[in-house]
Protein chains: 2
Amino acid sequence: MFDLNAYIINKNRQINVALEKIFHGSQPSEPIIEAMKYSLMAGGKRIRPVLCLASAEAVGGNPQAVLPVACALEMVHTYSLIHDDLPAMDNDDLRRGKPTCHVAFDEATAILAGDALLTLAFQVLSSVRVTGENQASGWLKIIQMISTAAGYQGMIRGQMLDMAAEGQHLTVDELKSMHALKTGALIEASLLCGALLSDARKQQMDILKAYARNIGLAFQVTDDILNVEGNPEEMGKAVGTDQLRGKNTYPAILGIDSSRRFAEKLVAKALAALEVFDIRAEPLRALATYIIERNR
Amino acid sequence: MFDLNAYIINKNRQINVALEKIFHGSQPSEPIIEAMKYSLMAGGKRIRPVLCLASAEAVGGNPQAVLPVACALEMVHTYSLIHDDLPAMDNDDLRRGKPTCHVAFDEATAILAGDALLTLAFQVLSSVRVTGENQASGWLKIIQMISTAAGYQGMIRGQMLDMAAEGQHLTVDELKSMHALKTGALIEASLLCGALLSDARKQQMDILKAYARNIGLAFQVTDDILNVEGNPEEMGKAVGTDQLRGKNTYPAILGIDSSRRFAEKLVAKALAALEVFDIRAEPLRALATYIIERNR
């Protein structure tokens, strides 16, 4: 039986060591670095980097070679959280059980720490040691995929749509399209980038894409459910906030039970997509189930 | 006699066409795109992209091949202006003669438009068509140089130091180090990236670095002087704001006349560095003088 918990702990340790190494030699007492590391090392679930490493393994690649991508993905994700939490956006005080970046430091520092993490992601991706032009092209492709997923055609567009929809009534389809951008695009990039460096075949990439789309959506549906009935202490952030803000969520539109069945159906589809993969895809299979069974 | 004005107009036209092309096919009515283009196309001086193109020409390269770098540099610069203007930072209402991004739109949109421009810069740099001579590793190096210059070891660090120094008394040396980061790093990257793609030799890169450091500082000294005695209408922004905020500036520390002499000395040094370059460096020579003689 595959032990997902041990797997996640092990991968998180590798990711944290790699992240710490990136800051090695810099002045930890500088406020900007303190703020960047405060949010980056706040004990997030590291779903995106773990998916990236698991994806590399699923297609027979070496997860060690993918570590810089895993770090960059976590930086992009953390930057987006820092900016989303700002007073001008979601105005959240608590994240991962700790005061949000702008509360712990100040608003200007939080804006710049987010900017700096986004910039550092691309610095990390462009600083890998490459041998040969083929490898260099692969890293360019990864930078392209992550920047496209994170940018105005992806994650940022999703955040704009999300803000515009507050207090409006969306259909389930509109909600899906919004989440496909807001969280789905970066999750998909995490899986595809992990496989891309491992010379995955076109068919494998298509499978990972289908898997990504289903678990990406399942992840969001579960986030919405947890915002209704999660335990704020376990989650490290406030619950019930979506309803207060008039946010469009799956529980609000479908009800809690239908939302849960919907998430289960999505995970079943993700698992079905992986069927042709061998035992090396066990981590991806277990992660799909974890995504809807987690309690934070 | 080299006609710098015609040169700048011609290069600006090329840069603007290239920038417009990047957004081709996207929905111009989407608020995020509107906000990005509002700031990007607001008629800035385009100093960084012009320096990048002129640098390519100075070492015998093809400026056309460098256009994506020029566009990315302007995006990074514009993002930094949008975020610097935010209420939590400099709280400026006017920029390039128009309301700043957060005034014209709202704060959340301005934060995201800045984020999106920074991200798009790396999308553009990683989406170039790579051919035999135009190698992937060269583009990776460019992404590394620009992200390093813009990040927590460069521009962002300079902005943090600038904010921390408000109301404090800096020495001229401290002021220089701060500006070397805040504006110098990206100006240096602009010049080096232009030459890098053109296979410049190590000696040429060293010369461009010396040129960059001197004009970068001269640019900032002139900015400070213009903030004291510039014409707000010509400049498209308020003047006298540095003194109001207790900012450390060259005029405040050295006085206006000494500041002007200091800027002149820096430009003379920049020109001396270029001495071994041939006629193809005329644009860079003229730009050095323009930087301290401009009135906006």
# chains A, B, ... in the order shown; residues from 1 in each chain; ligands from 1
$ residues_around --residues "Cys193 of chain B" --least-positions-apart "3" --cutoff "9 Å" --atoms "only C-alpha atoms" --output "PyMOL selection string"
chain B and resi 52+55-56+66+69+141-142+145-146+188-190+196-198
$ residues_around --residues "Leu254 of chain A" --least-positions-apart "6" --cutoff "12 Å" --atoms "only C-alpha atoms" --output "list in words"
Leu170, Thr171, Val172, Asp173, Leu175, Val221, Asp224, Ile225, Asn248, Arg260, Arg261, Phe262 and Ala263 of chain A
$ select_by_dssp --residues "segment 92-158 of chain B" --states "alpha helix (DSSP H)" --output "JSON list (two decimals) with all heavy atoms, in the first residue's frame"
[["chain", "number", "residue", "atom", "x", "y", "z"],
["B", 101, "CYS", "N", -2.47, 54.33, -12.44],
["B", 101, "CYS", "CA", -3.30, 53.16, -12.73],
["B", 101, "CYS", "C", -4.36, 52.92, -11.65],
["B", 101, "CYS", "O", -5.53, 52.67, -11.96],
["B", 101, "CYS", "CB", -2.40, 51.93, -12.89],
["B", 101, "CYS", "SG", -3.23, 50.50, -13.60],
["B", 102, "HIS", "N", -3.98, 53.03, -10.39],
["B", 102, "HIS", "CA", -4.97, 52.74, -9.33],
["B", 102, "HIS", "C", -6.02, 53.83, -9.22],
["B", 102, "HIS", "O", -7.09, 53.60, -8.67],
["B", 102, "HIS", "CB", -4.27, 52.52, -7.97],
["B", 102, "HIS", "CG", -3.60, 53.74, -7.42],
["B", 102, "HIS", "ND1", -2.30, 54.08, -7.75],
["B", 102, "HIS", "CD2", -4.02, 54.70, -6.58],
["B", 102, "HIS", "CE1", -1.97, 55.20, -7.12],
["B", 102, "HIS", "NE2", -3.00, 55.59, -6.41],
["B", 103, "VAL", "N", -5.72, 55.04, -9.74],
["B", 103, "VAL", "CA", -6.72, 56.10, -9.76],
["B", 103, "VAL", "C", -7.66, 55.89, -10.95],
["B", 103, "VAL", "O", -8.89, 55.98, -10.82],
["B", 103, "VAL", "CB", -6.05, 57.49, -9.83],
["B", 103, "VAL", "CG1", -7.08, 58.60, -10.04],
["B", 103, "VAL", "CG2", -5.24, 57.74, -8.56],
["B", 104, "ALA", "N", -7.11, 55.57, -12.10],
["B", 104, "ALA", "CA", -7.91, 55.37, -13.31],
["B", 104, "ALA", "C", -8.78, 54.11, -13.19],
["B", 104, "ALA", "O", -9.90, 54.08, -13.69],
["B", 104, "ALA", "CB", -7.02, 55.27, -14.53],
["B", 107, "GLU", "N", -7.48, 49.97, -6.91],
["B", 107, "GLU", "CA", -6.22, 49.47, -6.35],
["B", 107, "GLU", "C", -5.97, 48.00, -6.70],
["B", 107, "GLU", "O", -4.86, 47.62, -7.07],
["B", 107, "GLU", "CB", -6.27, 49.65, -4.84],
["B", 107, "GLU", "CG", -5.00, 50.18, -4.26],
["B", 107, "GLU", "CD", -5.12, 50.36, -2.76],
["B", 107, "GLU", "OE1", -6.03, 51.10, -2.31],
["B", 107, "GLU", "OE2", -4.31, 49.75, -2.04],
["B", 108, "ALA", "N", -7.02, 47.19, -6.58],
["B", 108, "ALA", "CA", -6.85, 45.76, -6.85],
["B", 108, "ALA", "C", -6.43, 45.55, -8.31],
["B", 108, "ALA", "O", -5.51, 44.77, -8.60],
["B", 108, "ALA", "CB", -8.15, 45.01, -6.57],
["B", 109, "THR", "N", -7.09, 46.26, -9.22],
["B", 109, "THR", "CA", -6.76, 46.13, -10.64],
["B", 109, "THR", "C", -5.33, 46.59, -10.90],
["B", 109, "THR", "O", -4.60, 45.98, -11.70],
["B", 109, "THR", "CB", -7.75, 46.93, -11.50],
["B", 109, "THR", "OG1", -9.08, 46.51, -11.18],
["B", 109, "THR", "CG2", -7.51, 46.73, -12.98],
["B", 110, "ALA", "N", -4.91, 47.66, -10.23],
["B", 110, "ALA", "CA", -3.55, 48.17, -10.43],
["B", 110, "ALA", "C", -2.51, 47.17, -9.94],
["B", 110, "ALA", "O", -1.49, 46.93, -10.59],
["B", 110, "ALA", "CB", -3.37, 49.51, -9.73],
["B", 111, "ILE", "N", -2.77, 46.56, -8.78],
["B", 111, "ILE", "CA", -1.83, 45.54, -8.27],
["B", 111, "ILE", "C", -1.72, 44.41, -9.29],
["B", 111, "ILE", "O", -0.63, 43.99, -9.67],
["B", 111, "ILE", "CB", -2.29, 45.01, -6.90],
["B", 111, "ILE", "CG1", -2.24, 46.13, -5.85],
["B", 111, "ILE", "CG2", -1.43, 43.82, -6.46],
["B", 111, "ILE", "CD1", -2.92, 45.78, -4.53],
["B", 112, "LEU", "N", -2.87, 43.94, -9.76],
["B", 112, "LEU", "CA", -2.88, 42.82, -10.70],
["B", 112, "LEU", "C", -2.31, 43.21, -12.07],
["B", 112, "LEU", "O", -1.65, 42.39, -12.73],
["B", 112, "LEU", "CB", -4.29, 42.26, -10.85],
["B", 112, "LEU", "CG", -4.83, 41.53, -9.61],
["B", 112, "LEU", "CD1", -6.31, 41.20, -9.78],
["B", 112, "LEU", "CD2", -4.04, 40.26, -9.33],
["B", 113, "ALA", "N", -2.55, 44.43, -12.51],
["B", 113, "ALA", "CA", -2.00, 44.86, -13.80],
["B", 113, "ALA", "C", -0.47, 44.89, -13.73],
["B", 113, "ALA", "O", 0.22, 44.49, -14.68],
["B", 113, "ALA", "CB", -2.55, 46.23, -14.19],
["B", 114, "GLY", "N", 0.06, 45.35, -12.60],
["B", 114, "GLY", "CA", 1.51, 45.31, -12.41],
["B", 114, "GLY", "C", 2.02, 43.88, -12.42],
["B", 114, "GLY", "O", 2.98, 43.54, -13.13],
["B", 115, "ASP", "N", 1.37, 43.03, -11.64],
["B", 115, "ASP", "CA", 1.74, 41.60, -11.62],
["B", 115, "ASP", "C", 1.72, 41.02, -13.02],
["B", 115, "ASP", "O", 2.60, 40.24, -13.41],
["B", 115, "ASP", "CB", 0.75, 40.81, -10.75],
["B", 115, "ASP", "CG", 0.81, 41.19, -9.29],
["B", 115, "ASP", "OD1", 1.78, 41.84, -8.88],
["B", 115, "ASP", "OD2", -0.13, 40.82, -8.54],
["B", 116, "ALA", "N", 0.68, 41.36, -13.77],
["B", 116, "ALA", "CA", 0.49, 40.78, -15.10],
["B", 116, "ALA", "C", 1.56, 41.27, -16.08],
["B", 116, "ALA", "O", 2.03, 40.50, -16.92],
["B", 116, "ALA", "CB", -0.91, 41.11, -15.64],
["B", 117, "LEU", "N", 1.97, 42.53, -15.96],
["B", 117, "LEU", "CA", 3.03, 43.04, -16.85],
["B", 117, "LEU", "C", 4.37, 42.39, -16.53],
["B", 117, "LEU", "O", 5.14, 42.04, -17.44],
["B", 117, "LEU", "CB", 3.13, 44.57, -16.73],
["B", 117, "LEU", "CG", 2.04, 45.36, -17.45],
["B", 117, "LEU", "CD1", 2.09, 46.83, -17.07],
["B", 117, "LEU", "CD2", 2.19, 45.21, -18.97],
["B", 118, "LEU", "N", 4.65, 42.20, -15.25],
["B", 118, "LEU", "CA", 5.89, 41.53, -14.86],
["B", 118, "LEU", "C", 5.90, 40.10, -15.41],
["B", 118, "LEU", "O", 6.89, 39.64, -15.98],
["B", 118, "LEU", "CB", 6.01, 41.53, -13.33],
["B", 118, "LEU", "CG", 7.18, 40.75, -12.72],
["B", 118, "LEU", "CD1", 8.52, 41.28, -13.20],
["B", 118, "LEU", "CD2", 7.12, 40.80, -11.18],
["B", 119, "THR", "N", 4.78, 39.42, -15.26],
["B", 119, "THR", "CA", 4.68, 38.04, -15.74],
["B", 119, "THR", "C", 4.79, 37.98, -17.26],
["B", 119, "THR", "O", 5.46, 37.10, -17.82],
["B", 119, "THR", "CB", 3.34, 37.42, -15.28],
["B", 119, "THR", "OG1", 3.16, 37.69, -13.89],
["B", 119, "THR", "CG2", 3.31, 35.93, -15.52],
["B", 120, "LEU", "N", 4.12, 38.93, -17.93],
["B", 120, "LEU", "CA", 4.13, 38.96, -19.39],
["B", 120, "LEU", "C", 5.54, 39.19, -19.93],
["B", 120, "LEU", "O", 5.90, 38.66, -21.00],
["B", 120, "LEU", "CB", 3.16, 40.04, -19.89],
["B", 120, "LEU", "CG", 2.97, 40.15, -21.40],
["B", 120, "LEU", "CD1", 2.54, 38.83, -22.04],
["B", 120, "LEU", "CD2", 1.94, 41.24, -21.74],
["B", 121, "ALA", "N", 6.34, 39.96, -19.21],
["B", 121, "ALA", "CA", 7.72, 40.18, -19.66],
["B", 121, "ALA", "C", 8.43, 38.84, -19.83],
["B", 121, "ALA", "O", 9.11, 38.61, -20.84],
["B", 121, "ALA", "CB", 8.47, 41.06, -18.64],
["B", 122, "PHE", "N", 8.26, 37.95, -18.87],
["B", 122, "PHE", "CA", 8.94, 36.66, -18.96],
["B", 122, "PHE", "C", 8.28, 35.72, -19.97],
["B", 122, "PHE", "O", 8.94, 34.89, -20.59],
["B", 122, "PHE", "CB", 9.03, 36.02, -17.56],
["B", 122, "PHE", "CG", 9.89, 36.85, -16.64],
["B", 122, "PHE", "CD1", 9.34, 37.55, -15.58],
["B", 122, "PHE", "CD2", 11.24, 36.97, -16.89],
["B", 122, "PHE", "CE1", 10.13, 38.35, -14.76],
["B", 122, "PHE", "CE2", 12.05, 37.77, -16.07],
["B", 122, "PHE", "CZ", 11.49, 38.46, -15.00],
["B", 123, "GLN", "N", 6.98, 35.90, -20.16],
["B", 123, "GLN", "CA", 6.30, 35.14, -21.21],
["B", 123, "GLN", "C", 6.85, 35.54, -22.58],
["B", 123, "GLN", "O", 7.13, 34.67, -23.42],
["B", 123, "GLN", "CB", 4.79, 35.41, -21.12],
["B", 123, "GLN", "CG", 3.94, 34.45, -21.94],
["B", 123, "GLN", "CD", 2.45, 34.76, -21.85],
["B", 123, "GLN", "OE1", 1.99, 35.41, -20.90],
["B", 123, "GLN", "NE2", 1.68, 34.33, -22.83],
["B", 124, "VAL", "N", 7.02, 36.83, -22.79],
["B", 124, "VAL", "CA", 7.56, 37.32, -24.07],
["B", 124, "VAL", "C", 8.98, 36.79, -24.30],
["B", 124, "VAL", "O", 9.32, 36.31, -25.38],
["B", 124, "VAL", "CB", 7.53, 38.86, -24.09],
["B", 124, "VAL", "CG1", 8.36, 39.42, -25.24],
["B", 124, "VAL", "CG2", 6.09, 39.37, -24.19],
["B", 125, "LEU", "N", 9.80, 36.87, -23.26],
["B", 125, "LEU", "CA", 11.21, 36.45, -23.40],
["B", 125, "LEU", "C", 11.35, 34.95, -23.64],
["B", 125, "LEU", "O", 12.32, 34.50, -24.24],
["B", 125, "LEU", "CB", 12.01, 36.85, -22.15],
["B", 125, "LEU", "CG", 12.20, 38.35, -21.94],
["B", 125, "LEU", "CD1", 12.84, 38.62, -20.59],
["B", 125, "LEU", "CD2", 13.05, 38.95, -23.06],
["B", 126, "SER", "N", 10.38, 34.18, -23.14],
["B", 126, "SER", "CA", 10.48, 32.72, -23.29],
["B", 126, "SER", "C", 9.73, 32.22, -24.52],
["B", 126, "SER", "O", 9.75, 31.03, -24.81],
["B", 126, "SER", "CB", 9.95, 32.03, -22.03],
["B", 126, "SER", "OG", 8.61, 32.41, -21.78],
["B", 136, "ALA", "N", 18.74, 29.21, -27.60],
["B", 136, "ALA", "CA", 17.94, 29.15, -26.38],
["B", 136, "ALA", "C", 18.75, 29.56, -25.15],
["B", 136, "ALA", "O", 18.24, 30.27, -24.28],
["B", 136, "ALA", "CB", 17.37, 27.75, -26.20],
["B", 137, "SER", "N", 20.01, 29.15, -25.09],
["B", 137, "SER", "CA", 20.79, 29.47, -23.89],
["B", 137, "SER", "C", 21.01, 30.98, -23.75],
["B", 137, "SER", "O", 21.07, 31.50, -22.64],
["B", 137, "SER", "CB", 22.12, 28.72, -23.89],
["B", 137, "SER", "OG", 22.78, 28.93, -25.11],
["B", 138, "GLY", "N", 21.09, 31.68, -24.88],
["B", 138, "GLY", "CA", 21.22, 33.14, -24.83],
["B", 138, "GLY", "C", 19.98, 33.77, -24.22],
["B", 138, "GLY", "O", 20.06, 34.70, -23.41],
["B", 139, "TRP", "N", 18.81, 33.24, -24.58],
["B", 139, "TRP", "CA", 17.56, 33.80, -24.04],
["B", 139, "TRP", "C", 17.41, 33.46, -22.56],
["B", 139, "TRP", "O", 16.90, 34.27, -21.79],
["B", 139, "TRP", "CB", 16.36, 33.31, -24.86],
["B", 139, "TRP", "CG", 16.32, 34.04, -26.18],
["B", 139, "TRP", "CD1", 16.83, 33.62, -27.36],
["B", 139, "TRP", "CD2", 15.80, 35.36, -26.41],
["B", 139, "TRP", "NE1", 16.66, 34.59, -28.32],
["B", 139, "TRP", "CE2", 16.02, 35.65, -27.77],
["B", 139, "TRP", "CE3", 15.17, 36.30, -25.61],
["B", 139, "TRP", "CZ2", 15.64, 36.87, -28.35],
["B", 139, "TRP", "CZ3", 14.79, 37.52, -26.17],
["B", 139, "TRP", "CH2", 15.02, 37.79, -27.53],
["B", 140, "LEU", "N", 17.85, 32.28, -22.16],
["B", 140, "LEU", "CA", 17.84, 31.95, -20.72],
["B", 140, "LEU", "C", 18.69, 32.94, -19.95],
["B", 140, "LEU", "O", 18.32, 33.42, -18.88],
["B", 140, "LEU", "CB", 18.39, 30.54, -20.49],
["B", 140, "LEU", "CG", 17.44, 29.35, -20.54],
["B", 140, "LEU", "CD1", 18.17, 28.09, -20.10],
["B", 140, "LEU", "CD2", 16.20, 29.57, -19.67],
["B", 141, "LYS", "N", 19.85, 33.26, -20.52],
["B", 141, "LYS", "CA", 20.78, 34.20, -19.87],
["B", 141, "LYS", "C", 20.12, 35.58, -19.73],
["B", 141, "LYS", "O", 20.27, 36.26, -18.71],
["B", 141, "LYS", "CB", 22.06, 34.29, -20.72],
["B", 141, "LYS", "CG", 23.11, 35.21, -20.21],
["B", 141, "LYS", "CD", 23.94, 34.56, -19.11],
["B", 141, "LYS", "CE", 24.75, 35.63, -18.36],
["B", 141, "LYS", "NZ", 25.06, 35.27, -17.00],
["B", 142, "ILE", "N", 19.37, 35.97, -20.76],
["B", 142, "ILE", "CA", 18.69, 37.27, -20.71],
["B", 142, "ILE", "C", 17.60, 37.28, -19.62],
["B", 142, "ILE", "O", 17.46, 38.24, -18.86],
["B", 142, "ILE", "CB", 18.11, 37.61, -22.10],
["B", 142, "ILE", "CG1", 19.25, 38.10, -22.98],
["B", 142, "ILE", "CG2", 16.99, 38.64, -22.02],
["B", 142, "ILE", "CD1", 18.88, 38.34, -24.41],
["B", 143, "ILE", "N", 16.86, 36.18, -19.55],
["B", 143, "ILE", "CA", 15.83, 36.09, -18.50],
["B", 143, "ILE", "C", 16.50, 36.16, -17.12],
["B", 143, "ILE", "O", 16.02, 36.83, -16.21],
["B", 143, "ILE", "CB", 15.02, 34.79, -18.67],
["B", 143, "ILE", "CG1", 14.19, 34.86, -19.96],
["B", 143, "ILE", "CG2", 14.11, 34.55, -17.45],
["B", 143, "ILE", "CD1", 13.50, 33.56, -20.34],
["B", 144, "GLN", "N", 17.64, 35.50, -17.01],
["B", 144, "GLN", "CA", 18.35, 35.53, -15.73],
["B", 144, "GLN", "C", 18.83, 36.96, -15.39],
["B", 144, "GLN", "O", 18.66, 37.42, -14.26],
["B", 144, "GLN", "CB", 19.56, 34.60, -15.81],
["B", 144, "GLN", "CG", 20.26, 34.42, -14.48],
["B", 144, "GLN", "CD", 21.57, 33.66, -14.61],
["B", 144, "GLN", "OE1", 22.22, 33.68, -15.66],
["B", 144, "GLN", "NE2", 21.95, 32.97, -13.55],
["B", 145, "MET", "N", 19.36, 37.66, -16.37],
["B", 145, "MET", "CA", 19.87, 39.01, -16.11],
["B", 145, "MET", "C", 18.74, 39.96, -15.73],
["B", 145, "MET", "O", 18.87, 40.75, -14.80],
["B", 145, "MET", "CB", 20.61, 39.55, -17.34],
["B", 145, "MET", "CG", 21.97, 38.90, -17.55],
["B", 145, "MET", "SD", 22.78, 39.46, -19.05],
["B", 145, "MET", "CE", 23.50, 40.96, -18.45],
["B", 146, "ILE", "N", 17.62, 39.88, -16.45],
["B", 146, "ILE", "CA", 16.52, 40.81, -16.18],
["B", 146, "ILE", "C", 15.86, 40.47, -14.84],
["B", 146, "ILE", "O", 15.54, 41.36, -14.05],
["B", 146, "ILE", "CB", 15.50, 40.82, -17.34],
["B", 146, "ILE", "CG1", 16.18, 41.41, -18.59],
["B", 146, "ILE", "CG2", 14.24, 41.60, -16.97],
["B", 146, "ILE", "CD1", 15.31, 41.46, -19.83],
["B", 147, "SER", "N", 15.65, 39.17, -14.56],
["B", 147, "SER", "CA", 15.01, 38.82, -13.29],
["B", 147, "SER", "C", 15.92, 39.16, -12.11],
["B", 147, "SER", "O", 15.45, 39.61, -11.06],
["B", 147, "SER", "CB", 14.61, 37.35, -13.27],
["B", 147, "SER", "OG", 15.73, 36.51, -13.50],
["B", 148, "THR", "N", 17.22, 38.99, -12.27],
["B", 148, "THR", "CA", 18.14, 39.34, -11.19],
["B", 148, "THR", "C", 18.14, 40.85, -10.96],
["B", 148, "THR", "O", 18.09, 41.32, -9.82],
["B", 148, "THR", "CB", 19.57, 38.84, -11.51],
["B", 148, "THR", "OG1", 19.52, 37.45, -11.81],
["B", 148, "THR", "CG2", 20.51, 39.07, -10.34],
["B", 149, "ALA", "N", 18.18, 41.61, -12.05],
["B", 149, "ALA", "CA", 18.19, 43.07, -11.93],
["B", 149, "ALA", "C", 16.90, 43.60, -11.31],
["B", 149, "ALA", "O", 16.91, 44.57, -10.55],
["B", 149, "ALA", "CB", 18.40, 43.70, -13.31],
["B", 150, "ALA", "N", 15.77, 42.94, -11.61],
["B", 150, "ALA", "CA", 14.48, 43.45, -11.16],
["B", 150, "ALA", "C", 14.12, 42.96, -9.76],
["B", 150, "ALA", "O", 13.24, 43.53, -9.11],
["B", 150, "ALA", "CB", 13.38, 43.03, -12.14],
["B", 155, "MET", "N", 16.33, 45.87, -8.19],
["B", 155, "MET", "CA", 15.37, 46.97, -8.14],
["B", 155, "MET", "C", 14.50, 46.97, -6.89],
["B", 155, "MET", "O", 14.28, 48.00, -6.26],
["B", 155, "MET", "CB", 14.50, 46.88, -9.41],
["B", 155, "MET", "CG", 13.55, 48.03, -9.61],
["B", 155, "MET", "SD", 12.75, 47.94, -11.24],
["B", 155, "MET", "CE", 11.55, 46.63, -10.98],
["B", 156, "ILE", "N", 13.99, 45.79, -6.51],
["B", 156, "ILE", "CA", 13.10, 45.73, -5.35],
["B", 156, "ILE", "C", 13.86, 46.07, -4.07],
["B", 156, "ILE", "O", 13.35, 46.76, -3.19],
["B", 156, "ILE", "CB", 12.42, 44.34, -5.26],
["B", 156, "ILE", "CG1", 11.39, 44.23, -6.40],
["B", 156, "ILE", "CG2", 11.76, 44.14, -3.91],
["B", 156, "ILE", "CD1", 10.72, 42.87, -6.50],
["B", 157, "ARG", "N", 15.10, 45.62, -3.99],
["B", 157, "ARG", "CA", 15.91, 45.97, -2.82],
["B", 157, "ARG", "C", 16.11, 47.49, -2.76],
["B", 157, "ARG", "O", 16.05, 48.10, -1.68],
["B", 157, "ARG", "CB", 17.26, 45.24, -2.91],
["B", 157, "ARG", "CG", 18.09, 45.44, -1.70],
["B", 157, "ARG", "CD", 19.18, 44.38, -1.55],
["B", 157, "ARG", "NE", 20.01, 44.77, -0.44],
["B", 157, "ARG", "CZ", 21.33, 44.94, -0.49],
["B", 157, "ARG", "NH1", 21.98, 44.68, -1.61],
["B", 157, "ARG", "NH2", 21.99, 45.33, 0.56],
["B", 158, "GLY", "N", 16.34, 48.10, -3.91],
["B", 158, "GLY", "CA", 16.51, 49.55, -3.97],
["B", 158, "GLY", "C", 15.25, 50.27, -3.50],
["B", 158, "GLY", "O", 15.32, 51.26, -2.76]]
$ closest_residue --among "A:Ile22, A:Met163, A:Leu81, A:Val59" --to "chain B" --atoms "only C-alpha atoms"
A:Met163
$ atom_distance --atom1 "atom CA of Leu73 of chain A" --atom2 "atom CA of Leu186 of chain A"
7.9 Å
$ residues_around --residues "Ala218 of chain B" --least-positions-apart "3" --cutoff "12 Å" --atoms "only C-alpha atoms" --output "ChimeraX atom specification"
/B:176,179-180,183-184,187,211-215,221-225,250,259-270,287-294
$ select_by_dssp --residues "segment 43-179 of chain B" --states "strand (DSSP E or B)" --output "list of chain:residue names"
B:Leu94, B:Arg95, B:Lys98, B:Pro99
$ write_last_selection --atoms "C-alpha atoms" --output "PDB file, in the first residue's frame"
ATOM      1  CA  LEU B  94      -0.353  61.513 -11.633  1.00  0.00           C
ATOM      2  CA  ARG B  95       2.086  59.779 -13.940  1.00  0.00           C
ATOM      3  CA  LYS B  98      -2.455  60.940 -16.663  1.00  0.00           C
ATOM      4  CA  PRO B  99      -4.095  59.576 -13.515  1.00  0.00           C
TER       5      PRO B  99
END
$ closest_residue --among "A:Asn5, A:Gln153, A:Gln64, A:Gln14" --to "chain B" --atoms "only C-alpha atoms"
A:Gln153
$ decode --residues "segment 80-90 of chain B" --atoms "N, CA, C and O atoms" --output "PDB file, in the first residue's frame"
ATOM      1  N   SER B  80       6.872  48.313 -12.314  1.00  0.00           N
ATOM      2  CA  SER B  80       7.465  48.896 -11.104  1.00  0.00           C
ATOM      3  C   SER B  80       6.866  50.285 -10.823  1.00  0.00           C
ATOM      4  O   SER B  80       6.659  50.652  -9.668  1.00  0.00           O
ATOM      5  N   LEU B  81       6.549  51.023 -11.877  1.00  0.00           N
ATOM      6  CA  LEU B  81       5.917  52.333 -11.677  1.00  0.00           C
ATOM      7  C   LEU B  81       4.511  52.167 -11.106  1.00  0.00           C
ATOM      8  O   LEU B  81       4.118  52.880 -10.176  1.00  0.00           O
ATOM      9  N   ILE B  82       3.739  51.233 -11.666  1.00  0.00           N
ATOM     10  CA  ILE B  82       2.361  51.030 -11.187  1.00  0.00           C
ATOM     11  C   ILE B  82       2.376  50.695  -9.698  1.00  0.00           C
ATOM     12  O   ILE B  82       1.615  51.257  -8.908  1.00  0.00           O
ATOM     13  N   HIS B  83       3.250  49.782  -9.290  1.00  0.00           N
ATOM     14  CA  HIS B  83       3.291  49.392  -7.881  1.00  0.00           C
ATOM     15  C   HIS B  83       3.869  50.502  -6.995  1.00  0.00           C
ATOM     16  O   HIS B  83       3.377  50.739  -5.896  1.00  0.00           O
ATOM     17  N   ASP B  84       4.890  51.210  -7.487  1.00  0.00           N
ATOM     18  CA  ASP B  84       5.456  52.308  -6.693  1.00  0.00           C
ATOM     19  C   ASP B  84       4.425  53.414  -6.455  1.00  0.00           C
ATOM     20  O   ASP B  84       4.487  54.110  -5.449  1.00  0.00           O
ATOM     21  N   ASP B  85       3.523  53.601  -7.402  1.00  0.00           N
ATOM     22  CA  ASP B  85       2.527  54.674  -7.286  1.00  0.00           C
ATOM     23  C   ASP B  85       1.392  54.332  -6.317  1.00  0.00           C
ATOM     24  O   ASP B  85       0.608  55.210  -5.952  1.00  0.00           O
ATOM     25  N   LEU B  86       1.282  53.070  -5.912  1.00  0.00           N
ATOM     26  CA  LEU B  86       0.144  52.637  -5.071  1.00  0.00           C
ATOM     27  C   LEU B  86       0.075  53.422  -3.755  1.00  0.00           C
ATOM     28  O   LEU B  86       1.097  53.888  -3.256  1.00  0.00           O
ATOM     29  N   PRO B  87      -1.132  53.539  -3.205  1.00  0.00           N
ATOM     30  CA  PRO B  87      -1.291  54.259  -1.925  1.00  0.00           C
ATOM     31  C   PRO B  87      -0.352  53.756  -0.822  1.00  0.00           C
ATOM     32  O   PRO B  87       0.182  54.554  -0.048  1.00  0.00           O
ATOM     33  N   ALA B  88      -0.107  52.439  -0.779  1.00  0.00           N
ATOM     34  CA  ALA B  88       0.763  51.905   0.275  1.00  0.00           C
ATOM     35  C   ALA B  88       2.229  52.262   0.048  1.00  0.00           C
ATOM     36  O   ALA B  88       3.046  52.141   0.961  1.00  0.00           O
ATOM     37  N   MET B  89       2.570  52.691  -1.160  1.00  0.00           N
ATOM     38  CA  MET B  89       3.962  53.078  -1.443  1.00  0.00           C
ATOM     39  C   MET B  89       4.029  54.610  -1.589  1.00  0.00           C
ATOM     40  O   MET B  89       3.852  55.302  -0.621  1.00  0.00           O
ATOM     41  N   ASP B  90       4.264  55.113  -2.800  1.00  0.00           N
ATOM     42  CA  ASP B  90       4.439  56.564  -2.940  1.00  0.00           C
ATOM     43  C   ASP B  90       3.121  57.344  -2.990  1.00  0.00           C
ATOM     44  O   ASP B  90       3.119  58.561  -2.870  1.00  0.00           O
TER      45      ASP B  90
END
